[in-house]
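All remarks here apply to the structure that follows.
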Amino acid sequence: MKQVVHRPASLTDKVFHFCPGCHHGIVHRLVAEALDHFGVRERTIGVASVGCSVFLYDYFAVDVIEAPHGRAPAVATGTKRVLDDRIVFTYQGDGDLAAIGTAEIIHAANRGENITVIFVNNSIYGMTGGQMAPTTLLGQRSTTSPYGRDRLRDGYPIKMAEMLAALEGPSLVARVAVDRPANVRKARRVIRRAFEMQVEGKGFSFVEVLSACPTNWGLSPREANKRVADEMIPYFPLGVMKEKDVVDVL
Amino acid sequence: MPGTKKLFLKGNEAIALAAINAGCRYYFGYPITPQNDIPEYMARHLPEVGGEFLQAESEIASINMLLGAAATGARVMTSSSGPGISLMQEGFSYFAGNELPALVVNMSRQGPGLGGISATQGDYNQAVKGGGHGDYHLIVLAPHTGQELYDLTIKGFELADKYRCLTMILGDAVLGQIKEPIDPWKPADSGCDPTRDWLITGAAGREPRLIKSLYLADGEMEDHNWHLQEKYARMAAEDVLVETRDTEDARLLLVAFGTMARVAKTAIAAAREKGLKVGLVRPISLFPFPVEAIRAASAVAGKILVGEMNTGQMVDDVRLAAVPGVPVEFYGRPGGAVSTPEEILQRIETAYSAVS
Ligand SMILES: Cc1ncc(C[n+]2csc(CCOP(=O)(O)OP(=O)(O)O)c2C)c(N)n1
Ligand code: SF4
């Protein structure tokens with residue numbers, strides 16, 4: 001029988017530790033496919049963040065630095081400034097990027113730092129056991145919003161892609177989802193485009209991926225996919241928010 | 001290579017020039033008084049040597065940019081003071097856990113809080129005992145002259161590379177601002193050995209590498225911690241830096257570092273002129289601490305006076321190092337004041353009268 005799907009060379013053969021129905025595994029694969037596509041595995045440096053994806057280094061066959069919680073864009077900046085011909089990417093959750101690391105992501109984006117940021121928005125803190133994230137939807141229950149997120153107490157779910165798209169620095173800002181095959185195919189294209197931006201030296205690229213955390217949502221994998229479509233996508237619209245095709249000429 | 005033409009530089013500039021001459025090509029930092037001459041010097045001169053200066057959005061970002069740059073094996077540094085150094089503490093802890101080499105300069109300012117910007121030694125405990133989480137140390141070097149700022153900056157990079165650790169230069173506003181003639185010698189070695197087996201450079205033709213500090217498997221964390229402790233023990237065995245003066249016949253031993261040691265030297269010279277046998281031990285490395293030098297000198301002197309520009313921090317380490325039973329007195333004024341040689345002389349005379 002002909003094998004039509006292969007494991008990307010940029011992934012190791014280690015089995016993912018993610019919960020059933022978690023989207024981290026799909027996103028890992030899409031990133032690895034992009035690295036394979038550009039043939040850059042051997043000159044790629046990944047910056048892992050603190051969250052369920054901290055074990056990035058077990059799964060990606062690339063050099064990895066583990067950053068403190070929220071600081072991956074600063075760590076990646078330091079690495080990229082020294083090794084400017086390497087491909088440097090961060091992979092961050094919503095607690096990591098949109099709460100504790102807000103300053104670092106905004107300024108890395110604003111500098112147009114030539115790195116790629118993969119932002120996994122699952123509207124909850126996965127690793128620490130389901131606390132409220134800055135992206136938790138209004139009314140959504142979590143262990144620290146047991147009565148539902150209240151806009152008066154907790155503010156509104158933060159739209160990072162829209163915020164970053166308002167800056168001059170980024171070359172590509174987009175939001176995708178991986179809840180169904182058609183969306184996975186779109187996400188694959190956008191993630192590939194994000195790395196293309198970096199390979200071509202066009203500066204900061206950012207892809208927000210709406211993701212399921214069935215475990216902390218208390219849903220089955222199938223229900224979790226449905227929640228992405230029915231509740232997350234309406235609030236966090238998919239699309240390319242910003243795309244710049246030219247290198248800044250200062 | 002001593003013997004080059006001397007330059008007349010502020011202490012902060014001496015550090016910046018020394019760093020460039022030591023092969024440092026990347027600087028990340030956020031402005032704060034009294035150390036702004038360092039980033040300003042770097043912003044002007046790093047591009048001239050093909051290096052890069054980047055002003056970060058905060059000290060939290062600076063220390064993490066430093067971390068990402070240090071992982072590539074490049075010689076890198078940052079500098080700050082009081083509130084900025086406090087913000088970097090989590091990063092210092094990660095540097096220790098990740099075992100990465102870099103240099104950080106703390107031109108300390110008075111606290112607590114926003115405090116004041118003139119000289120103090122109130123950050124001794126924060127620098128030497130930690131400040132970030134976990135069982136770790138930085139190498140802490142405390143210069144007391146412009147030339148020493150220059151020399152120890154170079155030494156600091158070498159020690160950071162030797163141990164894969166963070167070295168802190170602990171100075172203050174007096175040392176940073178005072179202008180002195182500097183011999184701008186250049187070290188032969190710039191430390192950037194590209195064959196080190198831990199550098200993060202992209203896994204070309206080799207297995208992927210990892211820089212991390214998370215250890216969850218059974219026993220791993222303890223093993224890693226013992227490994228770090230072995231390094232700290234080796235620092236104490238091989239790299240203590242200390243100046244001792246007039247200790248052979250001393251009846252009273254003064255222990256002071258940095259600016260306080262500078263003031264103390266003037267006071268000791270005046271005391272010697274009056275016929276008082278006073279000696280000095282000046283810790284240069286605050287970690288590793290010169291335990292042996294203090295123990296040996298205290299055995300001769302029989303009494304110790306510790307001087308600090310704080311209300312008593314290093315004095316605890318001196319008490320632990322001194323021969324048991326040797327009385328250890330303390331003299332210091334907190335952040336906001338610098339003692340004069342006359343004040344110290346007076347304290348020397350009081351302490352001395354009790355030993356004679
Ligand atoms: C300074 C600091 N504060 C808190 C934590 C604890 N912590 C670890 S992961 C995490 C949140 C992770 O959530 P997210 O970034 O959304 O990633 P996910 O696990 O959902 O993929 C927190 C708060 C930490 N490691 N460091
Ligand atoms: S807790 Fe949530 S984010 Fe973490 S692995 Fe499980 S499903 Fe994925």
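In the structure tokens, chains take the letters A, B, ... in the order shown, each chain's residues start at 1, and ligands count up from 1 in the order shown.
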Give me the residues of chain A that have any atom at most 9 Å from an atom of chain B; for each, the nearest atom pair and the distance in Å, rounded to one decimal. Use only C-alpha atoms, sort by chain and number, and format it as a Markdown table.
| residue | atom | partner | partner_atom | distance |
| --- | --- | --- | --- | --- |
| A:Arg41 | CA | B:Ala203 | CA | 7.4 |
| A:Glu42 | CA | B:Ala204 | CA | 4.4 |
| A:Arg43 | CA | B:Gly202 | CA | 4.2 |
| A:Thr44 | CA | B:Gly202 | CA | 5.2 |
| A:Ile45 | CA | B:Gly202 | CA | 5.7 |
| A:Val47 | CA | B:Gly68 | CA | 8.8 |
| A:Tyr57 | CA | B:Leu210 | CA | 7.0 |
| A:Phe60 | CA | B:Pro208 | CA | 8.7 |
| A:Ala61 | CA | B:Pro208 | CA | 5.9 |
| A:Val62 | CA | B:Pro208 | CA | 5.0 |
| A:Asp63 | CA | B:Arg209 | CA | 4.7 |
| A:Val64 | CA | B:Leu210 | CA | 4.9 |
| A:Ile65 | CA | B:Ile211 | CA | 4.8 |
| A:Glu66 | CA | B:Lys212 | CA | 5.1 |
| A:Ala67 | CA | B:Asn64 | CA | 7.8 |
| A:Pro68 | CA | B:Tyr94 | CA | 7.3 |
| A:Arg71 | CA | B:Asn64 | CA | 6.5 |
| A:Ala72 | CA | B:Asn64 | CA | 7.9 |
| A:Pro73 | CA | B:Met65 | CA | 8.3 |
| A:Ala74 | CA | B:Met65 | CA | 4.8 |
| A:Val75 | CA | B:Gly68 | CA | 4.1 |
| A:Ala76 | CA | B:Gly68 | CA | 5.9 |
| A:Thr77 | CA | B:Met65 | CA | 5.9 |
| A:Gly78 | CA | B:Met65 | CA | 4.1 |
| A:Thr79 | CA | B:Ala69 | CA | 4.4 |
| A:Lys80 | CA | B:Ala69 | CA | 7.7 |
| A:Arg81 | CA | B:Ala69 | CA | 7.3 |
| A:Val82 | CA | B:Ala69 | CA | 6.2 |
| A:Leu83 | CA | B:Thr201 | CA | 7.5 |
| A:Arg86 | CA | B:Gly202 | CA | 7.1 |
| A:Ile87 | CA | B:Gly202 | CA | 8.5 |
| A:Ala103 | CA | B:Glu57 | CA | 7.5 |
| A:Glu104 | CA | B:Ala61 | CA | 6.5 |
| A:His107 | CA | B:Glu57 | CA | 6.8 |
Taking a cut-off of 8 Å and counting only C-alpha atoms and all ligand atoms, can you build a table that, for each residue of chain A near ligand 2, reports the nearest atom pair and how far apart they are in Å (one decimal), sorted by chain then residue number, as a Markdown table?
| residue | atom | partner | partner_atom_place_in_ligand_line | distance |
| --- | --- | --- | --- | --- |
| A:His17 | CA | ligand 2 | 5 (S) | 7.0 |
| A:Phe18 | CA | ligand 2 | 5 (S) | 3.9 |
| A:Cys19 | CA | ligand 2 | 6 (Fe) | 4.2 |
| A:Pro20 | CA | ligand 2 | 7 (S) | 6.8 |
| A:Gly21 | CA | ligand 2 | 7 (S) | 6.6 |
| A:Cys22 | CA | ligand 2 | 7 (S) | 4.2 |
| A:His23 | CA | ligand 2 | 8 (Fe) | 6.5 |
| A:His24 | CA | ligand 2 | 8 (Fe) | 6.0 |
| A:Gly51 | CA | ligand 2 | 4 (Fe) | 7.5 |
| A:Cys52 | CA | ligand 2 | 4 (Fe) | 4.6 |
| A:Ser53 | CA | ligand 2 | 4 (Fe) | 7.6 |
| A:Asn122 | CA | ligand 2 | 3 (S) | 6.9 |
| A:Tyr125 | CA | ligand 2 | 3 (S) | 7.5 |
| A:Gly126 | CA | ligand 2 | 1 (S) | 4.1 |
| A:Met127 | CA | ligand 2 | 4 (Fe) | 5.4 |
| A:Gly129 | CA | ligand 2 | 1 (S) | 6.8 |
| A:Gly130 | CA | ligand 2 | 1 (S) | 7.4 |
| A:Ala212 | CA | ligand 2 | 7 (S) | 6.5 |
| A:Cys213 | CA | ligand 2 | 2 (Fe) | 3.7 |
| A:Pro214 | CA | ligand 2 | 7 (S) | 5.1 |
| A:Thr215 | CA | ligand 2 | 7 (S) | 4.9 |
| A:Asn216 | CA | ligand 2 | 2 (Fe) | 5.7 |
| A:Trp217 | CA | ligand 2 | 2 (Fe) | 8.0 |
Which of region 174-287 of chain B end up as strand (DSSP E) when DSSP is run on this backbone - answer as a ChimeraX atom specification? /B:179-182,210-211,242-245,252-255,278-283,285-287
Let me make sure I understand: among A:Val27, A:Ala229, A:Ala187, A:Ala32, which one has the smallest atom-to-atom distance to ligand 1 if we use only C-alpha atoms and all ligand atoms?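 Selected residue with least distance to ligand 1: A:Val27.
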Which of these residues is nearest to ligand 1, using only C-alpha atoms and all ligand atoms: B:Ala14, B:Met88, B:Ala142, B:Leu175?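 Going through B:Ala14, B:Met88, B:Ala142, B:Leu175 one by one, the smallest distance to ligand 1 is for B:Met88.
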Just want the 9 Å neighbourhood of region 311-326 of chain B, counted on only C-alpha atoms, with same-chain residues fewer than 5 positions away dropped. Output as a PyMOL selection string. chain B and resi 121-125+255-256+286+289-299+301-306+331-335
Output file for the selection above: N, CA, C and O atoms, as a compact mmCIF listing (two decimals), in the first residue's frame:
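Contents of part_4.txt, freshly written:
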# COMPACT_ATOMS: atom_id res chain seq x y z
N GLN B 121 25.48 50.47 49.52
CA GLN B 121 25.80 49.05 49.38
C GLN B 121 24.64 48.20 49.90
O GLN B 121 24.83 47.10 50.40
N GLY B 122 23.45 48.76 49.77
CA GLY B 122 22.26 48.09 50.31
C GLY B 122 21.85 46.84 49.55
O GLY B 122 20.97 46.11 50.00
N ASP B 123 22.49 46.57 48.40
CA ASP B 123 22.09 45.40 47.61
C ASP B 123 23.02 44.20 47.81
O ASP B 123 22.99 43.26 47.03
N TYR B 124 23.87 44.26 48.85
CA TYR B 124 24.80 43.13 49.08
C TYR B 124 24.05 41.82 49.20
O TYR B 124 24.33 40.85 48.50
N ASN B 125 23.06 41.79 50.09
CA ASN B 125 22.35 40.52 50.30
C ASN B 125 21.64 40.06 49.04
O ASN B 125 21.66 38.88 48.70
N VAL B 255 37.27 45.15 57.61
CA VAL B 255 36.79 44.44 56.42
C VAL B 255 35.77 45.33 55.72
O VAL B 255 34.79 45.76 56.34
N ALA B 256 36.06 45.65 54.47
CA ALA B 256 35.16 46.53 53.69
C ALA B 256 35.36 46.24 52.22
O ALA B 256 36.42 45.76 51.81
N LEU B 286 32.60 38.89 46.13
CA LEU B 286 31.68 38.79 47.29
C LEU B 286 31.04 37.40 47.29
O LEU B 286 30.67 36.88 48.33
N PHE B 289 33.03 34.11 48.60
CA PHE B 289 33.48 35.02 49.66
C PHE B 289 34.86 34.59 50.17
O PHE B 289 35.11 33.40 50.33
N PRO B 290 35.74 35.56 50.45
CA PRO B 290 37.10 35.21 50.89
C PRO B 290 37.16 34.74 52.35
O PRO B 290 37.74 35.40 53.22
N VAL B 291 36.59 33.60 52.60
CA VAL B 291 36.49 33.06 53.96
C VAL B 291 37.87 32.83 54.57
O VAL B 291 38.15 33.24 55.70
N GLU B 292 38.76 32.21 53.79
CA GLU B 292 40.09 31.85 54.31
C GLU B 292 40.89 33.09 54.70
O GLU B 292 41.51 33.13 55.76
N ALA B 293 40.87 34.12 53.84
CA ALA B 293 41.65 35.33 54.11
C ALA B 293 41.17 36.00 55.40
O ALA B 293 41.97 36.48 56.21
N ILE B 294 39.86 36.00 55.60
CA ILE B 294 39.32 36.64 56.79
C ILE B 294 39.65 35.80 58.03
O ILE B 294 40.06 36.32 59.06
N ARG B 295 39.53 34.49 57.87
CA ARG B 295 39.84 33.61 59.01
C ARG B 295 41.30 33.80 59.44
O ARG B 295 41.60 34.02 60.61
N ALA B 296 42.21 33.76 58.46
CA ALA B 296 43.64 33.86 58.78
C ALA B 296 43.95 35.22 59.42
O ALA B 296 44.64 35.30 60.43
N ALA B 297 43.44 36.29 58.82
CA ALA B 297 43.75 37.62 59.35
C ALA B 297 43.11 37.84 60.71
O ALA B 297 43.68 38.52 61.58
N SER B 298 41.95 37.25 60.94
CA SER B 298 41.29 37.43 62.23
C SER B 298 42.04 36.70 63.34
O SER B 298 42.04 37.12 64.49
N ALA B 299 42.72 35.60 62.97
CA ALA B 299 43.51 34.86 63.96
C ALA B 299 44.64 35.73 64.47
O ALA B 299 45.02 35.66 65.65
N ALA B 301 44.71 39.30 64.22
CA ALA B 301 44.30 40.61 64.72
C ALA B 301 43.54 40.53 66.05
O ALA B 301 43.68 41.40 66.90
N GLY B 302 42.72 39.56 66.20
CA GLY B 302 41.99 39.45 67.46
C GLY B 302 40.75 40.33 67.56
O GLY B 302 39.96 40.20 68.50
N LYS B 303 40.55 41.25 66.60
CA LYS B 303 39.32 42.04 66.60
C LYS B 303 39.04 42.53 65.18
O LYS B 303 39.96 42.86 64.45
N ILE B 304 37.77 42.56 64.85
CA ILE B 304 37.39 42.95 63.49
C ILE B 304 36.38 44.10 63.54
O ILE B 304 35.48 44.10 64.38
N LEU B 305 36.57 45.04 62.63
CA LEU B 305 35.57 46.08 62.43
C LEU B 305 35.12 46.00 60.97
O LEU B 305 35.94 46.08 60.05
N VAL B 306 33.83 45.76 60.76
CA VAL B 306 33.30 45.68 59.40
C VAL B 306 32.65 47.01 59.05
O VAL B 306 31.82 47.52 59.82
N TYR B 331 30.25 49.00 61.61
CA TYR B 331 29.98 50.42 61.43
C TYR B 331 29.39 50.64 60.05
O TYR B 331 29.96 50.20 59.04
N GLY B 332 28.28 51.32 59.99
CA GLY B 332 27.70 51.59 58.67
C GLY B 332 26.61 52.62 58.77
O GLY B 332 26.04 52.85 59.83
N ARG B 333 26.34 53.24 57.64
CA ARG B 333 25.19 54.14 57.53
C ARG B 333 24.34 53.65 56.36
O ARG B 333 24.88 53.19 55.35
N PRO B 334 23.02 53.76 56.48
CA PRO B 334 22.17 53.20 55.42
C PRO B 334 22.17 54.07 54.17
O PRO B 334 22.76 55.15 54.16
N GLY B 335 21.49 53.54 53.13
CA GLY B 335 21.35 54.26 51.87
C GLY B 335 20.94 55.70 52.12
O GLY B 335 20.01 55.95 52.89
Give the helix (DSSP H, G or I) residues of region 297-339 of chain B, as DSSP finds them on the backbone, and put them as a list in words.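 Of region 297-339 of chain B, the ones in helix (DSSP H, G or I) are Ala297, Ser298, Ala299, Val300, Ala301, Met314, Val315, Asp316, Asp317, Val318, Arg319, Leu320 and Ala321 of chain B.
Atom to atom, CA of Asn183 (chain A) and CA of Leu137 (chain A) stand 21.0 Å apart.
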Might you pull out every residue within 6 Å of region 107-119 of chain B, with only C-alpha atoms counted and same-chain residues fewer than 5 positions away left off, and present them as a PyMOL selection string? chain B and resi 35+81-82+171-174+335
Mind dumping the selected residues with N, CA and C atoms as a PDB file, in the first residue's frame?
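Generated output (selection_22.pdb):
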ATOM      1  N   GLN B  35      23.525  54.531  35.923  1.00  0.00           N
ATOM      2  CA  GLN B  35      24.374  53.710  35.049  1.00  0.00           C
ATOM      3  C   GLN B  35      24.151  54.014  33.574  1.00  0.00           C
ATOM      4  N   SER B  81      20.223  49.047  37.726  1.00  0.00           N
ATOM      5  CA  SER B  81      20.380  49.494  39.101  1.00  0.00           C
ATOM      6  C   SER B  81      19.091  49.172  39.847  1.00  0.00           C
ATOM      7  N   GLY B  82      19.158  49.156  41.175  1.00  0.00           N
ATOM      8  CA  GLY B  82      18.034  48.936  42.082  1.00  0.00           C
ATOM      9  C   GLY B  82      16.767  48.324  41.510  1.00  0.00           C
ATOM     10  N   GLY B 171      28.676  47.698  41.694  1.00  0.00           N
ATOM     11  CA  GLY B 171      29.287  48.995  41.948  1.00  0.00           C
ATOM     12  C   GLY B 171      28.264  49.936  42.545  1.00  0.00           C
ATOM     13  N   ASP B 172      28.524  51.222  42.444  1.00  0.00           N
ATOM     14  CA  ASP B 172      27.565  52.212  42.941  1.00  0.00           C
ATOM     15  C   ASP B 172      27.796  53.524  42.208  1.00  0.00           C
ATOM     16  N   ALA B 173      27.030  54.541  42.570  1.00  0.00           N
ATOM     17  CA  ALA B 173      27.076  55.811  41.844  1.00  0.00           C
ATOM     18  C   ALA B 173      28.463  56.456  41.899  1.00  0.00           C
ATOM     19  N   VAL B 174      29.155  56.364  43.026  1.00  0.00           N
ATOM     20  CA  VAL B 174      30.481  56.971  43.132  1.00  0.00           C
ATOM     21  C   VAL B 174      31.412  56.325  42.119  1.00  0.00           C
ATOM     22  N   GLY B 335      21.488  53.540  53.127  1.00  0.00           N
ATOM     23  CA  GLY B 335      21.352  54.262  51.870  1.00  0.00           C
ATOM     24  C   GLY B 335      20.937  55.698  52.123  1.00  0.00           C
TER      25      GLY B 335
END
